[in-house]
Amino acid sequence: RDEIRDWSSDVCSSDLNNPPALLSLRYPRAAAWSGVSVSNEKEWMRLYVQTGDKAAFEAIFTEYAPRVHRFILRRTRGNRHLTDDLTQQTFLHLHRARNDFDLSRPLRPWIFTIAANLVREAARKSSRRPEVLVDPLERSTASVAPSVSSPEDRLVRRSLDLLPDAQREVIVLHWFEGLSFSEISSVVGASLSAVKVRAHRGYKRLRENLGGTL
């Protein structure tokens with residue numbers, strides 16, 4: 001088990017130091033976290049949980065809604081209608097479950113866990129995997145980056161599309177949203193070693209799928 005843990009740490013460090021060139025060029029990895037400090041978000045959540053402070057909720061929504069929306073948009077292959085609905089549901093669930101939130105824990109993994117679970121639930125209801133929630137002919141180019149659709153962007157998007165869902169979910173959270181592997185472990189409900197293995201295999205397949213762009 002220790003050998004697996006050491007191996008997963010080594011390969012993930014290698015992945016970060018040697019990502020697929022086109023992915024790195026077109027989409028630099030999101031900063032580990034460039035938003036508010038953990039202490040600020042904990043204070044917002046404390047005020048919201050204990051007093052129902054509307055300003056605190058608005059601060060949480062303003063900070064996290066764009067990130068959650070972007071995450072869901074990629075997970076649903078650019079289905080904007082579904083993404084808007086699931087984003088609203090994410091914060092409705094946050095509101096309803098606020099008294100269950102452990103104020104000693106970070107907020108970000110909890111919010112992304114809610115969002116990820118809603119995407120999976122929507123996929124189950126449609127009897128489809130998350131990546132085929134939208135008809136391929138109707139998919140928006142927004143699944144990777146809403147504002148661009150160059151040949152390079154489409155190549156990256158198709159390469160991501162080819163990944164198994166578990167690997168794709170980890171890479172979206174890690175590369176595009178800047179979550180740590182520890183945070184992703186909490187979001188997807190898998191061990192840290194398992195998350196690192198998924199990341200390693202996903203990045204490896206991306207390098208293979210992008211072929212000559214390396």
# chains A, B, ... in the order shown; residues from 1 in each chain; ligands from 1
$ residues_around --residues "Phe61 (chain A)" --least-positions-apart "2" --cutoff "12 Å" --atoms "only C-alpha atoms" --output "mmCIF file with all heavy atoms, in the first residue's frame"
data_model
loop_
_atom_site.group_PDB
_atom_site.id
_atom_site.type_symbol
_atom_site.label_atom_id
_atom_site.label_comp_id
_atom_site.auth_asym_id
_atom_site.auth_seq_id
_atom_site.Cartn_x
_atom_site.Cartn_y
_atom_site.Cartn_z
ATOM 1 N N GLU A 41 -14.262 32.560 3.853
ATOM 2 C CA GLU A 41 -15.388 31.716 3.465
ATOM 3 C C GLU A 41 -15.987 31.006 4.677
ATOM 4 O O GLU A 41 -17.197 30.794 4.737
ATOM 5 C CB GLU A 41 -14.974 30.713 2.391
ATOM 6 C CG GLU A 41 -14.038 29.614 2.844
ATOM 7 C CD GLU A 41 -13.808 28.571 1.771
ATOM 8 O OE1 GLU A 41 -13.971 28.890 0.574
ATOM 9 O OE2 GLU A 41 -13.463 27.436 2.131
ATOM 10 N N TRP A 44 -18.212 33.556 6.292
ATOM 11 C CA TRP A 44 -19.459 33.670 5.548
ATOM 12 C C TRP A 44 -20.402 32.526 5.902
ATOM 13 O O TRP A 44 -21.589 32.742 6.152
ATOM 14 C CB TRP A 44 -19.184 33.624 4.040
ATOM 15 C CG TRP A 44 -18.489 34.820 3.497
ATOM 16 C CD1 TRP A 44 -18.351 36.045 4.086
ATOM 17 C CD2 TRP A 44 -17.824 34.908 2.236
ATOM 18 N NE1 TRP A 44 -17.647 36.883 3.263
ATOM 19 C CE2 TRP A 44 -17.317 36.219 2.125
ATOM 20 C CE3 TRP A 44 -17.622 34.012 1.184
ATOM 21 C CZ2 TRP A 44 -16.605 36.654 0.999
ATOM 22 C CZ3 TRP A 44 -16.922 34.440 0.079
ATOM 23 C CH2 TRP A 44 -16.416 35.747 -0.008
ATOM 24 N N MET A 45 -19.862 31.307 5.887
ATOM 25 C CA MET A 45 -20.712 30.146 6.148
ATOM 26 C C MET A 45 -21.204 30.149 7.588
ATOM 27 O O MET A 45 -22.339 29.774 7.861
ATOM 28 C CB MET A 45 -19.945 28.859 5.827
ATOM 29 C CG MET A 45 -20.835 27.663 5.556
ATOM 30 S SD MET A 45 -21.961 27.911 4.177
ATOM 31 C CE MET A 45 -22.977 26.433 4.318
ATOM 32 N N TYR A 48 -24.026 32.564 7.774
ATOM 33 C CA TYR A 48 -25.208 32.063 7.070
ATOM 34 C C TYR A 48 -25.878 30.943 7.846
ATOM 35 O O TYR A 48 -27.109 30.901 7.972
ATOM 36 C CB TYR A 48 -24.798 31.580 5.678
ATOM 37 C CG TYR A 48 -25.967 31.161 4.827
ATOM 38 C CD1 TYR A 48 -27.074 31.985 4.671
ATOM 39 C CD2 TYR A 48 -25.966 29.923 4.193
ATOM 40 C CE1 TYR A 48 -28.153 31.596 3.893
ATOM 41 C CE2 TYR A 48 -27.029 29.526 3.403
ATOM 42 C CZ TYR A 48 -28.127 30.368 3.257
ATOM 43 O OH TYR A 48 -29.191 29.966 2.496
ATOM 44 N N LYS A 54 -28.227 37.113 4.798
ATOM 45 C CA LYS A 54 -28.387 37.099 3.355
ATOM 46 C C LYS A 54 -27.130 37.587 2.633
ATOM 47 O O LYS A 54 -26.774 37.092 1.563
ATOM 48 C CB LYS A 54 -29.591 37.954 2.946
ATOM 49 C CG LYS A 54 -30.932 37.365 3.366
ATOM 50 C CD LYS A 54 -32.079 38.221 2.875
ATOM 51 C CE LYS A 54 -33.430 37.608 3.265
ATOM 52 N NZ LYS A 54 -34.573 38.445 2.790
ATOM 53 N N ALA A 55 -26.465 38.575 3.218
ATOM 54 C CA ALA A 55 -25.243 39.089 2.604
ATOM 55 C C ALA A 55 -24.167 38.016 2.558
ATOM 56 O O ALA A 55 -23.384 37.952 1.600
ATOM 57 C CB ALA A 55 -24.746 40.311 3.368
ATOM 58 N N ALA A 56 -24.120 37.172 3.577
ATOM 59 C CA ALA A 56 -23.141 36.090 3.610
ATOM 60 C C ALA A 56 -23.419 35.097 2.488
ATOM 61 O O ALA A 56 -22.495 34.637 1.803
ATOM 62 C CB ALA A 56 -23.160 35.390 4.957
ATOM 63 N N PHE A 57 -24.713 34.768 2.288
ATOM 64 C CA PHE A 57 -25.051 33.857 1.196
ATOM 65 C C PHE A 57 -24.716 34.478 -0.150
ATOM 66 O O PHE A 57 -24.206 33.793 -1.050
ATOM 67 C CB PHE A 57 -26.536 33.495 1.231
ATOM 68 C CG PHE A 57 -26.951 32.626 0.079
ATOM 69 C CD1 PHE A 57 -26.689 31.265 0.096
ATOM 70 C CD2 PHE A 57 -27.582 33.176 -1.035
ATOM 71 C CE1 PHE A 57 -27.055 30.460 -0.981
ATOM 72 C CE2 PHE A 57 -27.941 32.379 -2.108
ATOM 73 C CZ PHE A 57 -27.682 31.024 -2.078
ATOM 74 N N GLU A 58 -24.996 35.752 -0.313
ATOM 75 C CA GLU A 58 -24.685 36.428 -1.570
ATOM 76 C C GLU A 58 -23.186 36.415 -1.841
ATOM 77 O O GLU A 58 -22.755 36.262 -2.991
ATOM 78 C CB GLU A 58 -25.205 37.863 -1.540
ATOM 79 C CG GLU A 58 -26.733 37.947 -1.591
ATOM 80 C CD GLU A 58 -27.235 39.368 -1.437
ATOM 81 O OE1 GLU A 58 -26.397 40.289 -1.288
ATOM 82 O OE2 GLU A 58 -28.466 39.566 -1.471
ATOM 83 N N ALA A 59 -22.382 36.544 -0.791
ATOM 84 C CA ALA A 59 -20.924 36.497 -0.958
ATOM 85 C C ALA A 59 -20.491 35.108 -1.410
ATOM 86 O O ALA A 59 -19.632 34.967 -2.299
ATOM 87 C CB ALA A 59 -20.238 36.873 0.348
ATOM 88 N N GLU A 63 -18.941 34.245 -5.185
ATOM 89 C CA GLU A 63 -17.611 33.642 -5.298
ATOM 90 C C GLU A 63 -17.648 32.298 -6.011
ATOM 91 O O GLU A 63 -16.776 31.989 -6.834
ATOM 92 C CB GLU A 63 -17.013 33.455 -3.901
ATOM 93 C CG GLU A 63 -15.616 32.866 -3.900
ATOM 94 C CD GLU A 63 -14.589 33.771 -4.567
ATOM 95 O OE1 GLU A 63 -14.756 35.000 -4.530
ATOM 96 O OE2 GLU A 63 -13.620 33.228 -5.130
ATOM 97 N N TYR A 64 -18.653 31.481 -5.737
ATOM 98 C CA TYR A 64 -18.640 30.100 -6.204
ATOM 99 C C TYR A 64 -19.527 29.811 -7.409
ATOM 100 O O TYR A 64 -19.264 28.851 -8.144
ATOM 101 C CB TYR A 64 -19.034 29.164 -5.062
ATOM 102 C CG TYR A 64 -17.926 28.937 -4.082
ATOM 103 C CD1 TYR A 64 -17.894 29.615 -2.873
ATOM 104 C CD2 TYR A 64 -16.883 28.059 -4.362
ATOM 105 C CE1 TYR A 64 -16.870 29.422 -1.958
ATOM 106 C CE2 TYR A 64 -15.857 27.851 -3.460
ATOM 107 C CZ TYR A 64 -15.857 28.537 -2.266
ATOM 108 O OH TYR A 64 -14.833 28.350 -1.371
ATOM 109 N N ALA A 65 -20.570 30.576 -7.634
ATOM 110 C CA ALA A 65 -21.499 30.261 -8.723
ATOM 111 C C ALA A 65 -20.808 30.176 -10.082
ATOM 112 O O ALA A 65 -21.066 29.225 -10.842
ATOM 113 C CB ALA A 65 -22.646 31.267 -8.756
ATOM 114 N N PRO A 66 -19.932 31.120 -10.445
ATOM 115 C CA PRO A 66 -19.280 30.992 -11.760
ATOM 116 C C PRO A 66 -18.433 29.732 -11.877
ATOM 117 O O PRO A 66 -18.393 29.101 -12.944
ATOM 118 C CB PRO A 66 -18.413 32.259 -11.835
ATOM 119 C CG PRO A 66 -19.042 33.223 -10.885
ATOM 120 C CD PRO A 66 -19.560 32.374 -9.765
ATOM 121 N N ARG A 67 -17.768 29.346 -10.802
ATOM 122 C CA ARG A 67 -16.918 28.156 -10.827
ATOM 123 C C ARG A 67 -17.755 26.883 -10.921
ATOM 124 O O ARG A 67 -17.413 25.955 -11.649
ATOM 125 C CB ARG A 67 -16.032 28.130 -9.576
ATOM 126 C CG ARG A 67 -15.117 29.340 -9.463
ATOM 127 C CD ARG A 67 -14.423 29.383 -8.106
ATOM 128 N NE ARG A 67 -13.675 30.613 -7.932
ATOM 129 C CZ ARG A 67 -12.428 30.801 -8.325
ATOM 130 N NH1 ARG A 67 -11.781 29.818 -8.916
ATOM 131 N NH2 ARG A 67 -11.838 31.962 -8.131
ATOM 132 N N VAL A 68 -18.826 26.843 -10.152
ATOM 133 C CA VAL A 68 -19.711 25.685 -10.193
ATOM 134 C C VAL A 68 -20.361 25.567 -11.571
ATOM 135 O O VAL A 68 -20.452 24.472 -12.143
ATOM 136 C CB VAL A 68 -20.782 25.792 -9.091
ATOM 137 C CG1 VAL A 68 -21.875 24.748 -9.291
ATOM 138 C CG2 VAL A 68 -20.149 25.623 -7.715
ATOM 139 N N HIS A 69 -20.799 26.685 -12.107
ATOM 140 C CA HIS A 69 -21.430 26.684 -13.429
ATOM 141 C C HIS A 69 -20.458 26.172 -14.484
ATOM 142 O O HIS A 69 -20.813 25.346 -15.336
ATOM 143 C CB HIS A 69 -21.889 28.106 -13.774
ATOM 144 C CG HIS A 69 -22.746 28.187 -15.003
ATOM 145 N ND1 HIS A 69 -22.209 28.277 -16.272
ATOM 146 C CD2 HIS A 69 -24.105 28.201 -15.152
ATOM 147 C CE1 HIS A 69 -23.195 28.340 -17.149
ATOM 148 N NE2 HIS A 69 -24.346 28.293 -16.509
ATOM 149 N N THR A 87 -26.891 24.265 -11.514
ATOM 150 C CA THR A 87 -26.209 25.286 -10.710
ATOM 151 C C THR A 87 -27.169 25.845 -9.669
ATOM 152 O O THR A 87 -26.806 26.001 -8.494
ATOM 153 C CB THR A 87 -25.676 26.416 -11.598
ATOM 154 O OG1 THR A 87 -24.734 25.882 -12.534
ATOM 155 C CG2 THR A 87 -24.979 27.482 -10.762
ATOM 156 N N GLN A 88 -28.394 26.140 -10.096
ATOM 157 C CA GLN A 88 -29.400 26.619 -9.138
ATOM 158 C C GLN A 88 -29.666 25.571 -8.069
ATOM 159 O O GLN A 88 -29.770 25.894 -6.877
ATOM 160 C CB GLN A 88 -30.701 26.968 -9.863
ATOM 161 C CG GLN A 88 -30.638 28.239 -10.688
ATOM 162 C CD GLN A 88 -31.994 28.621 -11.255
ATOM 163 O OE1 GLN A 88 -32.855 27.765 -11.446
ATOM 164 N NE2 GLN A 88 -32.175 29.895 -11.538
ATOM 165 N N THR A 90 -27.644 23.315 -7.006
ATOM 166 C CA THR A 90 -26.482 23.219 -6.118
ATOM 167 C C THR A 90 -26.631 24.172 -4.938
ATOM 168 O O THR A 90 -26.430 23.782 -3.775
ATOM 169 C CB THR A 90 -25.187 23.532 -6.881
ATOM 170 O OG1 THR A 90 -24.980 22.540 -7.900
ATOM 171 C CG2 THR A 90 -23.987 23.535 -5.933
ATOM 172 N N PHE A 91 -27.001 25.402 -5.212
ATOM 173 C CA PHE A 91 -27.096 26.383 -4.133
ATOM 174 C C PHE A 91 -28.392 26.228 -3.341
ATOM 175 O O PHE A 91 -28.440 26.598 -2.161
ATOM 176 C CB PHE A 91 -26.932 27.793 -4.702
ATOM 177 C CG PHE A 91 -25.514 28.073 -5.112
ATOM 178 C CD1 PHE A 91 -25.092 27.826 -6.408
ATOM 179 C CD2 PHE A 91 -24.584 28.519 -4.189
ATOM 180 C CE1 PHE A 91 -23.775 28.040 -6.782
ATOM 181 C CE2 PHE A 91 -23.264 28.738 -4.541
ATOM 182 C CZ PHE A 91 -22.869 28.499 -5.843
ATOM 183 N N LEU A 92 -29.414 25.645 -3.959
ATOM 184 C CA LEU A 92 -30.613 25.305 -3.194
ATOM 185 C C LEU A 92 -30.285 24.203 -2.194
ATOM 186 O O LEU A 92 -30.715 24.256 -1.030
ATOM 187 C CB LEU A 92 -31.728 24.864 -4.141
ATOM 188 C CG LEU A 92 -33.052 24.461 -3.476
ATOM 189 C CD1 LEU A 92 -33.635 25.624 -2.688
ATOM 190 C CD2 LEU A 92 -34.054 23.968 -4.534
ATOM 191 N N LEU A 94 -27.321 23.610 -0.977
ATOM 192 C CA LEU A 94 -26.475 24.243 0.037
ATOM 193 C C LEU A 94 -27.335 24.922 1.091
ATOM 194 O O LEU A 94 -27.079 24.793 2.298
ATOM 195 C CB LEU A 94 -25.533 25.251 -0.631
ATOM 196 C CG LEU A 94 -24.545 25.990 0.283
ATOM 197 C CD1 LEU A 94 -23.273 26.325 -0.495
ATOM 198 C CD2 LEU A 94 -25.134 27.275 0.848
ATOM 199 N N HIS A 95 -28.362 25.620 0.641
ATOM 200 C CA HIS A 95 -29.258 26.314 1.572
ATOM 201 C C HIS A 95 -29.976 25.319 2.488
ATOM 202 O O HIS A 95 -30.015 25.497 3.710
ATOM 203 C CB HIS A 95 -30.277 27.139 0.787
ATOM 204 C CG HIS A 95 -31.409 27.658 1.607
ATOM 205 N ND1 HIS A 95 -31.263 28.668 2.544
ATOM 206 C CD2 HIS A 95 -32.719 27.282 1.673
ATOM 207 C CE1 HIS A 95 -32.422 28.902 3.129
ATOM 208 N NE2 HIS A 95 -33.318 28.071 2.620
ATOM 209 N N LEU A 107 -15.133 24.903 2.695
ATOM 210 C CA LEU A 107 -16.400 24.988 1.984
ATOM 211 C C LEU A 107 -16.307 24.481 0.553
ATOM 212 O O LEU A 107 -17.228 23.831 0.053
ATOM 213 C CB LEU A 107 -16.883 26.444 1.991
ATOM 214 C CG LEU A 107 -18.177 26.759 1.240
ATOM 215 C CD1 LEU A 107 -19.353 25.971 1.817
ATOM 216 C CD2 LEU A 107 -18.453 28.269 1.300
ATOM 217 N N ARG A 108 -15.214 24.772 -0.123
ATOM 218 C CA ARG A 108 -15.119 24.488 -1.553
ATOM 219 C C ARG A 108 -15.364 23.024 -1.906
ATOM 220 O O ARG A 108 -16.186 22.738 -2.805
ATOM 221 C CB ARG A 108 -13.768 24.950 -2.102
ATOM 222 C CG ARG A 108 -13.609 24.682 -3.595
ATOM 223 C CD ARG A 108 -12.434 25.408 -4.206
ATOM 224 N NE ARG A 108 -11.178 25.013 -3.604
ATOM 225 C CZ ARG A 108 -10.022 25.038 -4.253
ATOM 226 N NH1 ARG A 108 -9.975 25.430 -5.513
ATOM 227 N NH2 ARG A 108 -8.898 24.694 -3.658
ATOM 228 N N ILE A 111 -19.138 22.228 -1.737
ATOM 229 C CA ILE A 111 -19.954 22.755 -2.826
ATOM 230 C C ILE A 111 -19.764 21.929 -4.094
ATOM 231 O O ILE A 111 -20.738 21.572 -4.775
ATOM 232 C CB ILE A 111 -19.613 24.238 -3.086
ATOM 233 C CG1 ILE A 111 -20.099 25.097 -1.917
ATOM 234 C CG2 ILE A 111 -20.242 24.719 -4.397
ATOM 235 C CD1 ILE A 111 -19.806 26.583 -2.073
#
$ residues_around --residues "Leu86 (chain A)" --least-positions-apart "2" --cutoff "8 Å" --atoms "only C-alpha atoms" --output "ChimeraX atom specification"
/A:72,82-84,88-90,115,118-119
$ atom_distance --atom1 "CA of Arg124 (chain A)" --atom2 "CA of Gly78 (chain A)"
18.0 Å
$ atom_distance --atom1 "CA of Leu179 (chain A)" --atom2 "CA of Gln167 (chain A)"
14.4 Å
$ residues_around --residues "Val172 (chain A)" --least-positions-apart "6" --cutoff "10 Å" --atoms "only C-alpha atoms" --output "list in words"
Arg70, Phe71, Ile72, Arg74, Arg75, Val144, Leu160, Gly178, Leu179 and Ala199 of chain A
$ write_last_selection --atoms "all heavy atoms" --output "tab-separated table (two decimals), in the first residue's frame"
chain	number	residue	atom	x	y	z
A	70	ARG	N	-19.21	26.63	-14.44
A	70	ARG	CA	-18.20	26.21	-15.40
A	70	ARG	C	-17.92	24.72	-15.28
A	70	ARG	O	-17.79	24.01	-16.29
A	70	ARG	CB	-16.93	27.01	-15.16
A	70	ARG	CG	-15.79	26.72	-16.12
A	70	ARG	CD	-14.63	27.67	-15.85
A	70	ARG	NE	-14.14	27.52	-14.49
A	70	ARG	CZ	-13.45	28.46	-13.85
A	70	ARG	NH1	-13.20	29.62	-14.43
A	70	ARG	NH2	-13.01	28.25	-12.62
A	71	PHE	N	-17.83	24.23	-14.04
A	71	PHE	CA	-17.59	22.80	-13.81
A	71	PHE	C	-18.73	21.96	-14.38
A	71	PHE	O	-18.50	20.98	-15.10
A	71	PHE	CB	-17.45	22.55	-12.31
A	71	PHE	CG	-17.53	21.10	-11.91
A	71	PHE	CD1	-16.52	20.21	-12.26
A	71	PHE	CD2	-18.62	20.63	-11.19
A	71	PHE	CE1	-16.60	18.87	-11.90
A	71	PHE	CE2	-18.70	19.29	-10.83
A	71	PHE	CZ	-17.69	18.41	-11.18
A	72	ILE	N	-19.96	22.33	-14.08
A	72	ILE	CA	-21.11	21.57	-14.56
A	72	ILE	C	-21.21	21.63	-16.08
A	72	ILE	O	-21.56	20.65	-16.74
A	72	ILE	CB	-22.40	22.06	-13.89
A	72	ILE	CG1	-22.35	21.82	-12.38
A	72	ILE	CG2	-23.62	21.38	-14.49
A	72	ILE	CD1	-23.54	22.40	-11.61
A	74	ARG	N	-18.86	21.79	-18.25
A	74	ARG	CA	-17.93	20.84	-18.84
A	74	ARG	C	-18.39	19.40	-18.63
A	74	ARG	O	-18.20	18.54	-19.48
A	74	ARG	CB	-16.53	21.03	-18.26
A	74	ARG	CG	-15.87	22.35	-18.68
A	74	ARG	CD	-14.38	22.35	-18.34
A	74	ARG	NE	-13.76	23.60	-18.77
A	74	ARG	CZ	-13.45	24.59	-17.95
A	74	ARG	NH1	-13.69	24.48	-16.66
A	74	ARG	NH2	-12.89	25.69	-18.41
A	75	ARG	N	-18.99	19.15	-17.47
A	75	ARG	CA	-19.42	17.78	-17.17
A	75	ARG	C	-20.65	17.38	-17.97
A	75	ARG	O	-20.91	16.20	-18.18
A	75	ARG	CB	-19.72	17.65	-15.67
A	75	ARG	CG	-18.52	17.80	-14.79
A	75	ARG	CD	-17.62	16.57	-14.84
A	75	ARG	NE	-18.26	15.44	-14.18
A	75	ARG	CZ	-18.40	14.25	-14.70
A	75	ARG	NH1	-17.98	14.00	-15.93
A	75	ARG	NH2	-18.97	13.28	-14.01
A	144	VAL	N	-15.45	22.90	-23.01
A	144	VAL	CA	-14.10	23.13	-22.55
A	144	VAL	C	-13.89	24.61	-22.27
A	144	VAL	O	-13.43	25.00	-21.22
A	144	VAL	CB	-13.07	22.64	-23.59
A	144	VAL	CG1	-11.67	23.07	-23.19
A	144	VAL	CG2	-13.14	21.12	-23.70
A	160	LEU	N	-10.54	15.12	-24.46
A	160	LEU	CA	-11.18	14.97	-23.16
A	160	LEU	C	-12.40	14.07	-23.25
A	160	LEU	O	-12.67	13.26	-22.36
A	160	LEU	CB	-11.59	16.34	-22.61
A	160	LEU	CG	-10.47	17.23	-22.07
A	160	LEU	CD1	-10.99	18.65	-21.84
A	160	LEU	CD2	-9.91	16.67	-20.77
A	178	GLY	N	-8.61	23.75	-10.57
A	178	GLY	CA	-7.52	24.01	-9.64
A	178	GLY	C	-7.65	23.37	-8.27
A	178	GLY	O	-6.99	23.79	-7.32
A	179	LEU	N	-8.49	22.34	-8.15
A	179	LEU	CA	-8.61	21.66	-6.86
A	179	LEU	C	-7.40	20.78	-6.62
A	179	LEU	O	-6.80	20.24	-7.57
A	179	LEU	CB	-9.88	20.81	-6.80
A	179	LEU	CG	-11.16	21.51	-6.30
A	179	LEU	CD1	-11.63	22.55	-7.31
A	179	LEU	CD2	-12.26	20.49	-6.02
A	199	ALA	N	-5.91	10.43	-12.22
A	199	ALA	CA	-5.29	11.59	-12.85
A	199	ALA	C	-4.13	11.16	-13.74
A	199	ALA	O	-4.00	11.62	-14.88
A	199	ALA	CB	-4.81	12.57	-11.77
